[in-house]
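Novice: Sharing coords_33.txt (compact mmCIF, C-alpha atoms) below.
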```
# COMPACT_ATOMS: atom_id res chain seq x y z
CA MET A 168 0.00 0.00 0.00
CA LYS A 169 2.86 2.34 0.81
CA HIS A 170 4.54 1.66 -2.52
CA LEU A 171 1.28 2.23 -4.36
CA GLY A 172 0.88 5.59 -2.67
CA LEU A 173 4.45 6.58 -3.59
CA ILE A 174 3.86 5.54 -7.21
CA LEU A 175 0.68 7.63 -7.39
CA LEU A 176 2.45 10.62 -5.83
CA ALA A 177 5.33 10.28 -8.29
CA ALA A 178 2.85 10.11 -11.18
CA VAL A 179 1.17 13.32 -10.03
CA MET A 180 4.54 15.08 -9.73
CA LEU A 181 5.78 13.86 -13.12
CA TYR A 182 2.57 14.57 -15.02
CA PRO A 183 3.35 18.26 -15.83
CA VAL A 184 6.79 17.33 -17.18
CA LEU A 185 5.44 14.43 -19.23
CA TRP A 186 2.62 16.61 -20.56
CA MET A 187 5.14 19.24 -21.62
CA VAL A 188 7.23 16.62 -23.45
CA VAL A 189 4.15 15.23 -25.20
CA SER A 190 2.88 18.72 -26.05
CA SER A 191 6.19 19.56 -27.71
CA PHE A 192 5.23 17.00 -30.39
CA ARG A 193 1.70 18.33 -30.91
CA PRO A 194 0.44 21.01 -33.32
CA GLY A 195 0.01 24.39 -31.68
CA ASN A 196 -3.79 24.37 -31.96
CA ALA A 197 -4.04 20.98 -30.22
CA ILE A 198 -1.81 21.57 -27.19
CA PHE A 199 -4.45 22.90 -24.77
CA ARG A 200 -7.34 20.90 -26.18
CA ASP A 201 -5.99 17.58 -24.94
CA PRO A 202 -4.73 17.22 -21.35
CA GLY A 203 -3.86 13.58 -21.91
CA LEU A 204 -0.49 12.00 -22.56
CA VAL A 205 -1.45 10.03 -25.69
CA LEU A 206 -0.13 11.34 -28.99
CA THR A 207 -2.48 11.11 -31.96
CA ASP A 208 -0.37 13.16 -34.37
CA LEU A 209 3.40 13.27 -34.04
CA GLU A 210 4.77 16.66 -35.05
CA THR A 211 8.49 17.43 -34.87
CA HIS A 212 8.49 20.84 -36.53
CA ASN A 213 8.20 22.54 -33.11
CA TYR A 214 11.84 21.71 -32.45
CA GLY A 215 13.04 23.17 -35.74
CA GLU A 216 10.92 26.29 -35.35
CA GLY A 217 11.87 26.75 -31.71
CA TRP A 218 15.58 26.39 -32.42
CA ASN A 219 15.48 29.32 -34.84
CA ALA A 220 12.56 31.32 -33.42
CA LEU A 221 14.61 33.94 -31.55
CA ALA A 222 17.23 36.44 -32.67
CA SER A 223 19.94 33.78 -32.47
CA PRO A 224 19.76 30.00 -32.75
CA PHE A 225 18.88 28.37 -29.44
CA GLY A 226 22.33 26.80 -29.35
CA HIS A 227 23.72 30.31 -28.73
CA TYR A 228 21.77 30.55 -25.48
CA LEU A 229 22.81 27.04 -24.49
CA LEU A 230 26.43 28.14 -24.94
CA ASN A 231 25.85 31.26 -22.82
CA SER A 232 24.40 29.13 -20.03
CA ALA A 233 27.30 26.68 -20.34
CA ILE A 234 29.81 29.53 -19.90
CA VAL A 235 28.04 30.84 -16.80
CA VAL A 236 27.64 27.35 -15.32
CA LEU A 237 31.29 26.43 -15.92
CA GLY A 238 32.50 29.67 -14.34
CA CYS A 239 30.25 29.19 -11.29
CA ILE A 240 31.34 25.58 -10.83
CA ILE A 241 35.03 26.47 -10.96
CA GLY A 242 34.49 29.41 -8.62
CA ASN A 243 32.60 27.38 -6.04
CA LEU A 244 35.02 24.45 -6.14
CA VAL A 245 38.08 26.64 -5.65
CA SER A 246 36.81 29.25 -3.20
CA CYS A 247 34.47 27.13 -1.09
CA SER A 248 37.02 24.34 -0.65
CA MET A 249 39.67 26.82 0.49
CA ALA A 250 37.27 28.54 2.89
CA ALA A 251 36.13 25.17 4.24
CA TYR A 252 39.72 24.08 4.87
CA ALA A 253 40.35 27.31 6.77
CA PHE A 254 37.31 26.81 9.00
CA ALA A 255 37.98 23.11 9.55
CA ARG A 256 41.75 23.02 10.04
CA LEU A 257 43.16 26.49 10.75
CA GLU A 258 43.04 28.41 14.01
CA PHE A 259 42.52 32.16 13.76
CA SER A 260 40.98 34.97 15.79
CA GLY A 261 37.19 35.08 15.67
CA LYS A 262 36.89 31.73 13.90
CA LYS A 263 33.63 30.73 15.59
CA LEU A 264 32.11 34.17 15.07
CA TRP A 265 32.96 34.22 11.36
CA PHE A 266 31.65 30.69 10.96
CA ALA A 267 28.37 31.71 12.62
CA ILE A 268 28.10 34.75 10.35
CA MET A 269 28.76 32.51 7.35
CA LEU A 270 25.98 30.15 8.39
CA GLY A 271 23.65 33.09 9.04
CA SER A 272 24.15 34.31 5.49
CA ILE A 273 22.38 31.16 4.27
CA MET A 274 19.13 32.59 5.60
CA LEU A 275 19.44 35.83 3.61
CA PRO A 276 17.14 35.75 0.56
CA VAL A 277 18.67 36.80 -2.74
CA HIS A 278 16.08 39.59 -3.07
CA VAL A 279 17.65 41.40 -0.08
CA LEU A 280 21.07 41.45 -1.72
CA ILE A 281 20.18 42.03 -5.35
CA VAL A 282 19.68 45.82 -5.12
CA PRO A 283 23.06 46.74 -3.51
CA GLN A 284 24.79 44.18 -5.72
CA TYR A 285 23.20 45.62 -8.85
CA ILE A 286 24.26 49.15 -7.88
CA LEU A 287 27.82 47.94 -7.26
CA PHE A 288 28.09 46.02 -10.52
CA ALA A 289 26.51 48.89 -12.46
CA GLN A 290 29.14 51.29 -11.11
CA VAL A 291 31.98 49.05 -12.31
CA GLY A 292 30.32 48.53 -15.70
CA TRP A 293 29.55 44.82 -15.39
CA ILE A 294 25.88 44.95 -16.42
CA ASN A 295 25.18 42.92 -19.58
CA THR A 296 28.20 40.72 -18.91
CA PHE A 297 28.56 37.34 -17.22
CA LEU A 298 30.86 38.78 -14.54
CA PRO A 299 28.12 39.55 -11.93
CA LEU A 300 27.00 35.92 -12.18
CA ILE A 301 30.48 34.36 -11.98
CA VAL A 302 32.82 36.62 -9.97
CA PRO A 303 30.89 36.35 -6.65
CA LYS A 304 31.36 32.57 -6.81
CA LEU A 305 35.12 33.15 -6.63
CA LEU A 306 34.63 34.71 -3.19
CA ALA A 307 32.91 31.72 -1.51
CA THR A 308 29.53 33.43 -1.36
CA ASP A 309 27.61 30.12 -1.38
CA ALA A 310 27.73 29.38 2.33
CA PHE A 311 25.84 26.12 1.90
CA PHE A 312 28.76 24.56 0.02
CA VAL A 313 31.28 25.92 2.52
CA PHE A 314 29.32 24.30 5.35
CA LEU A 315 29.01 21.04 3.41
CA MET A 316 32.78 20.87 2.82
CA VAL A 317 33.57 21.86 6.40
CA GLN A 318 31.51 18.93 7.64
CA PHE A 319 33.32 16.61 5.25
CA ILE A 320 36.82 17.80 6.21
CA ARG A 321 36.02 17.49 9.90
CA GLY A 322 35.32 13.82 9.27
CA LEU A 323 38.84 13.24 7.91
CA PRO A 324 41.42 12.07 10.50
CA ARG A 325 43.80 14.79 11.64
CA GLU A 326 46.59 12.19 11.76
CA LEU A 327 46.95 12.65 8.01
CA ASP A 328 47.67 16.36 8.50
CA GLU A 329 50.10 15.69 11.33
CA ALA A 330 52.01 13.09 9.33
CA ALA A 331 52.35 15.49 6.43
CA ARG A 332 53.44 18.29 8.75
CA ILE A 333 56.17 16.06 10.20
CA ASP A 334 57.43 15.57 6.63
CA GLY A 335 57.68 19.34 6.29
CA ALA A 336 54.46 20.05 4.42
CA GLY A 337 52.70 23.35 5.01
CA HIS A 338 49.02 24.14 4.75
CA PRO A 339 49.02 24.69 0.96
CA ARG A 340 50.61 21.29 0.35
CA ILE A 341 48.40 19.53 2.91
CA PHE A 342 45.33 21.03 1.29
CA THR A 343 46.24 20.25 -2.32
CA ARG A 344 47.95 16.87 -1.82
CA ILE A 345 45.95 15.29 1.04
CA ILE A 346 42.65 16.99 1.80
CA LEU A 347 41.53 17.89 -1.71
CA PRO A 348 41.84 14.37 -3.20
CA LEU A 349 39.84 12.95 -0.28
CA MET A 350 37.09 15.54 -0.79
CA LEU A 351 35.94 14.08 -4.12
CA PRO A 352 32.39 13.20 -2.90
CA ALA A 353 31.86 16.70 -1.47
CA LEU A 354 33.33 18.33 -4.58
CA ALA A 355 31.08 16.23 -6.81
CA THR A 356 28.03 17.21 -4.76
CA THR A 357 28.99 20.87 -5.03
CA THR A 358 29.46 20.52 -8.79
CA ILE A 359 26.04 18.91 -9.34
CA PHE A 360 24.12 21.35 -7.14
CA THR A 361 25.92 24.35 -8.65
CA PHE A 362 25.16 23.09 -12.15
CA ILE A 363 21.46 22.57 -11.47
CA TRP A 364 20.94 25.80 -9.51
CA THR A 365 22.86 27.98 -11.98
CA TRP A 366 21.32 26.39 -15.08
CA ASN A 367 17.81 26.98 -13.68
CA ASP A 368 18.52 30.45 -12.27
CA PHE A 369 16.15 32.93 -13.87
CA PHE A 370 15.93 35.89 -11.51
CA SER A 371 19.61 36.89 -11.32
CA GLN A 372 20.22 36.33 -15.00
CA LEU A 373 17.13 38.36 -15.91
CA ILE A 374 18.36 41.27 -13.74
CA TYR A 375 21.91 41.45 -15.10
CA LEU A 376 21.45 40.37 -18.72
CA THR A 377 19.30 42.74 -20.78
CA ASP A 378 21.02 42.35 -24.15
CA PRO A 379 19.31 39.53 -26.11
CA ASP A 380 22.71 38.39 -27.36
CA MET A 381 23.74 37.68 -23.75
CA TYR A 382 20.62 35.77 -22.76
CA THR A 383 20.98 32.42 -21.06
CA VAL A 384 18.53 29.54 -21.48
CA PRO A 385 15.97 30.57 -18.78
CA VAL A 386 15.81 34.15 -20.04
CA ALA A 387 15.65 33.00 -23.67
CA LEU A 388 12.70 30.73 -22.85
CA ARG A 389 10.92 33.75 -21.39
CA SER A 390 11.31 35.47 -24.74
CA PHE A 391 8.92 32.97 -26.32
CA VAL A 392 6.08 34.53 -24.28
CA ASP A 393 5.02 37.82 -25.84
CA SER A 394 1.96 39.79 -24.71
CA THR A 395 1.67 41.56 -28.07
CA VAL A 396 1.58 38.52 -30.35
CA ALA A 397 0.39 34.92 -30.11
CA THR A 398 2.74 32.80 -28.02
CA SER A 399 4.27 29.83 -29.82
CA TRP A 400 3.65 27.29 -27.08
CA GLY A 401 4.82 24.33 -29.12
CA SER A 402 8.19 25.91 -29.82
CA MET A 403 8.58 27.00 -26.21
CA PHE A 404 7.77 23.52 -24.89
CA ALA A 405 10.20 22.00 -27.39
CA MET A 406 13.06 24.23 -26.27
CA SER A 407 12.08 23.65 -22.63
CA VAL A 408 12.59 19.93 -23.23
CA VAL A 409 15.98 20.67 -24.82
CA SER A 410 16.97 22.79 -21.80
CA LEU A 411 16.00 19.98 -19.41
CA LEU A 412 18.25 17.40 -21.04
CA PRO A 413 21.55 18.71 -19.53
CA ILE A 414 20.00 18.71 -16.04
CA PHE A 415 18.65 15.20 -16.51
CA LEU A 416 22.03 13.93 -17.70
CA ALA A 417 23.91 15.69 -14.90
CA PHE A 418 21.67 14.16 -12.25
CA LEU A 419 21.72 10.74 -13.93
CA LEU A 420 25.50 10.61 -14.21
CA GLY A 421 26.22 12.19 -10.83
CA GLN A 422 23.52 10.60 -8.69
CA ARG A 423 25.95 8.17 -7.08
CA TYR A 424 28.37 10.94 -6.10
CA LEU A 425 25.51 13.15 -4.95
CA ILE A 426 24.17 10.57 -2.51
CA LYS A 427 27.65 9.68 -1.28
CA GLY A 428 28.61 13.31 -0.81
CA ILE A 429 25.55 14.16 1.29
CA ALA A 430 25.78 10.94 3.32
CA THR A 431 29.42 11.60 4.26
CA THR A 432 29.09 15.24 5.33
CA GLY A 433 27.08 14.74 8.51
CA MET A 434 23.81 15.73 6.79
CA LYS A 435 22.03 12.42 7.38
```
Show me, as structure tokens, the structure contained in the file I just sent.

Specialist:
Amino acid sequence: MKHLGLILLAAVMLYPVLWMVVSSFRPGNAIFRDPGLVLTDLETHNYGEGWNALASPFGHYLLNSAIVVLGCIIGNLVSCSMAAYAFARLEFSGKKLWFAIMLGSIMLPVHVLIVPQYILFAQVGWINTFLPLIVPKLLATDAFFVFLMVQFIRGLPRELDEAARIDGAGHPRIFTRIILPLMLPALATTTIFTFIWTWNDFFSQLIYLTDPDMYTVPVALRSFVDSTVATSWGSMFAMSVVSLLPIFLAFLLGQRYLIKGIATTGMK
């Protein structure tokens, strides 16, 4: 009975996604007439029309998103791992206070920070570039990943550090040669979450990117909806399916590392 309930719940949750996939193969005038999942007429022209419907081919927006995602992943991996090592292994004045402030920043909604950040980035001329989306990641601004890595490093035996220190290794060498290779599950978890969150981010990218040539996938999908002309729902659904494929593949390929990373960071 429990499994039947879970199957029904999963079906309810998956229905909108499945309906969108099915609707991407329907003619535009038949999309909202049939709420079912059975295809009577298979149409593939929505994908061709959607790919070339905007000012640039949709592949251009996929490339823009890939650039932003890659920059954010590299930034989070480098900065958050270094900050986590400092909190987990180094001793410095005000360590507990700074760690508490870092954890408190998790509770700050992005809408509180977006106005001062926009003013700052506008003053340095970064609007309509990818820099406001990537550069903050180089400063360990994602406290969730710092906390996740801190928990992971604290689970590693300190004897490894002490043995390396006896051999004359300093903190940079201990971090790069010992700690970092052992952090693979936490790094993989950070990579997957950063990929999914950045790829799906609409609000920040809409604020900073106003030039259509700089649009990422979420903002480009919004361009299909126009209040002055008829919306091409079939094309929009088709490109929405295309935009979901990288997320699906990332989760499918990284699921094992994702589960292992969360299970080994004290977040059970």

Novice: Measure the distance from CA of Pro385 in chain A to CA of Leu412 in chain A in Å and round it to one decimal.

Specialist: 13.6 Å

Novice: Give me, as a PyMOL selection string, all polymer residues having an atom no more than 8 Å from range 204-212 of chain A, counting all atoms listed in the file and skipping those fewer than 6 positions away in the same chain.

Specialist: chain A and resi 185-186+189+191-194

Novice: Need to verify the contact set: Tyr382 in chain A, 7 Å, all atoms listed in the file, exclusion of same-chain residues closer than 5 positions in sequence. Can you return it as a ChimeraX atom specification?

Specialist: /A:228,231,376,387

Novice: If we count all atoms listed in the file and set the cut-off at 9 Å, which residues sit around Cys239 in chain A, ignoring sequence neighbours fewer than 4 positions away in its own chain? Please answer as a list of chain:residue names.

Specialist: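 In the requested format, the answer is A:Ile234, A:Val235, A:Asn243, A:Leu244, A:Leu300, A:Ile301, A:Val302, A:Pro303, A:Lys304, A:Leu305, A:Thr361, A:Phe362, A:Thr365.
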
Novice: Just the residues within 9 Å of Leu229 in chain A, please, counting all atoms listed in the file, with nothing from its chain fewer than 5 positions along; format it as a list in words.

Specialist: Ile234, Thr383, Val384 and Ser410 of chain A

Novice: Kindly provide, as a PyMOL selection string, the polymer residues lying within 12 Å of (21.0, 23.8, -11.8), counting all atoms listed in the file and using the coordinates exactly as they appear in the file.

Specialist: chain A and resi 232-233+235-237+239-240+356-369+384-385+410-418

Novice: CA of Met403 in chain A and CA of Phe199 in chain A are how many Å apart?

Specialist: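 Separation of CA of Met403 in chain A and CA of Phe199 in chain A: 13.7 Å.
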
Novice: Which polymer residues have any atom within 12 Å of an atom of Met350 in chain A, counting all atoms listed in the file, with same-chain residues fewer than 2 positions away left out, as a PyMOL selection string?

Specialist: chain A and resi 244+247-249+251-252+315-323+342-348+352-357+424+427-429+431-432

Novice: When distances are computed from all atoms listed in the file, which of A:Pro299, A:Gly215, A:Pro324, A:Gly238 shows the smallest separation from Ala255 in chain A?

Specialist: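 Answer, going by the shortest atom-to-atom distance: A:Pro324.
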
Novice: To test the calculation: enclose all listed atoms of range 397-415 of chain A in a box whose edges run along x, y and z, add 5 Å on each side, then state centre and edge lengths in Å to one decimal, as AutoDock Vina command-line options.

Specialist:
```
--center_x 11.0 --center_y 25.1 --center_z -23.1 --size_x 31.2 --size_y 29.7 --size_z 24.1
```

Novice: One number please: CA of Phe254 in chain A to CA of Ala267 in chain A, in Å, one decimal.

Specialist: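 For CA of Phe254 in chain A relative to CA of Ala267 in chain A, the distance reads 10.8 Å.
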
Novice: In terms of the shortest atom-to-atom distance over all atoms listed in the file, which of A:Thr377, A:Gln284, A:Ser272, A:Asn295 is closest to Ala307 in chain A?

Specialist: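 Using all atoms listed in the file, the shortest distance to Ala307 in chain A belongs to A:Ser272.
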
Novice: Atoms are missing here; could range 169-197 of chain A be completed with N, CA and C atoms and written as a short mmCIF file (atom, residue, chain, number, x, y, z; two decimals), in the frame of the given file?

Specialist:
```cif
data_model
loop_
_atom_site.label_atom_id
_atom_site.label_comp_id
_atom_site.auth_asym_id
_atom_site.auth_seq_id
_atom_site.Cartn_x
_atom_site.Cartn_y
_atom_site.Cartn_z
N LYS A 169 1.96 1.20 0.76
CA LYS A 169 2.86 2.34 0.81
C LYS A 169 3.50 2.60 -0.55
N HIS A 170 3.91 1.51 -1.21
CA HIS A 170 4.54 1.66 -2.52
C HIS A 170 3.54 2.18 -3.55
N LEU A 171 2.30 1.75 -3.45
CA LEU A 171 1.28 2.23 -4.36
C LEU A 171 1.06 3.73 -4.19
N GLY A 172 1.03 4.16 -2.94
CA GLY A 172 0.88 5.59 -2.67
C GLY A 172 2.04 6.40 -3.21
N LEU A 173 3.28 5.88 -3.07
CA LEU A 173 4.45 6.58 -3.59
C LEU A 173 4.42 6.65 -5.12
N ILE A 174 3.95 5.55 -5.75
CA ILE A 174 3.86 5.54 -7.21
C ILE A 174 2.85 6.57 -7.69
N LEU A 175 1.70 6.65 -7.01
CA LEU A 175 0.68 7.63 -7.39
C LEU A 175 1.18 9.06 -7.20
N LEU A 176 1.89 9.29 -6.09
CA LEU A 176 2.45 10.62 -5.83
C LEU A 176 3.48 10.98 -6.89
N ALA A 177 4.33 10.02 -7.26
CA ALA A 177 5.33 10.28 -8.29
C ALA A 177 4.66 10.57 -9.63
N ALA A 178 3.57 9.87 -9.92
CA ALA A 178 2.85 10.11 -11.18
C ALA A 178 2.27 11.51 -11.22
N VAL A 179 1.73 11.97 -10.09
CA VAL A 179 1.17 13.32 -10.03
C VAL A 179 2.27 14.36 -10.22
N MET A 180 3.43 14.13 -9.62
CA MET A 180 4.54 15.08 -9.73
C MET A 180 5.14 15.09 -11.14
N LEU A 181 5.16 13.94 -11.80
CA LEU A 181 5.78 13.86 -13.12
C LEU A 181 4.84 14.25 -14.24
N TYR A 182 3.54 14.30 -13.95
CA TYR A 182 2.57 14.57 -15.02
C TYR A 182 2.84 15.88 -15.76
N PRO A 183 3.10 17.01 -15.07
CA PRO A 183 3.35 18.26 -15.83
C PRO A 183 4.55 18.15 -16.77
N VAL A 184 5.61 17.46 -16.32
CA VAL A 184 6.79 17.33 -17.18
C VAL A 184 6.47 16.46 -18.38
N LEU A 185 5.80 15.32 -18.13
CA LEU A 185 5.44 14.43 -19.23
C LEU A 185 4.49 15.12 -20.20
N TRP A 186 3.55 15.90 -19.68
CA TRP A 186 2.62 16.61 -20.56
C TRP A 186 3.35 17.63 -21.43
N MET A 187 4.36 18.29 -20.85
CA MET A 187 5.14 19.24 -21.62
C MET A 187 5.91 18.53 -22.74
N VAL A 188 6.49 17.38 -22.43
CA VAL A 188 7.23 16.62 -23.45
C VAL A 188 6.28 16.19 -24.56
N VAL A 189 5.12 15.66 -24.19
CA VAL A 189 4.15 15.23 -25.20
C VAL A 189 3.65 16.42 -26.01
N SER A 190 3.39 17.54 -25.35
CA SER A 190 2.88 18.72 -26.05
C SER A 190 3.89 19.29 -27.03
N SER A 191 5.18 19.05 -26.78
CA SER A 191 6.19 19.56 -27.71
C SER A 191 6.12 18.86 -29.06
N PHE A 192 5.40 17.74 -29.13
CA PHE A 192 5.23 17.00 -30.39
C PHE A 192 3.84 17.18 -30.97
N ARG A 193 3.05 18.10 -30.42
CA ARG A 193 1.70 18.33 -30.91
C ARG A 193 1.63 19.62 -31.72
N PRO A 194 0.67 19.73 -32.64
CA PRO A 194 0.44 21.01 -33.32
C PRO A 194 0.01 22.08 -32.32
N GLY A 195 0.31 23.31 -32.62
CA GLY A 195 0.01 24.39 -31.68
C GLY A 195 -1.44 24.50 -31.30
N ASN A 196 -2.36 24.23 -32.24
CA ASN A 196 -3.79 24.37 -31.96
C ASN A 196 -4.36 23.19 -31.19
N ALA A 197 -3.54 22.16 -30.93
CA ALA A 197 -4.04 20.98 -30.22
C ALA A 197 -3.44 20.82 -28.83
#
```
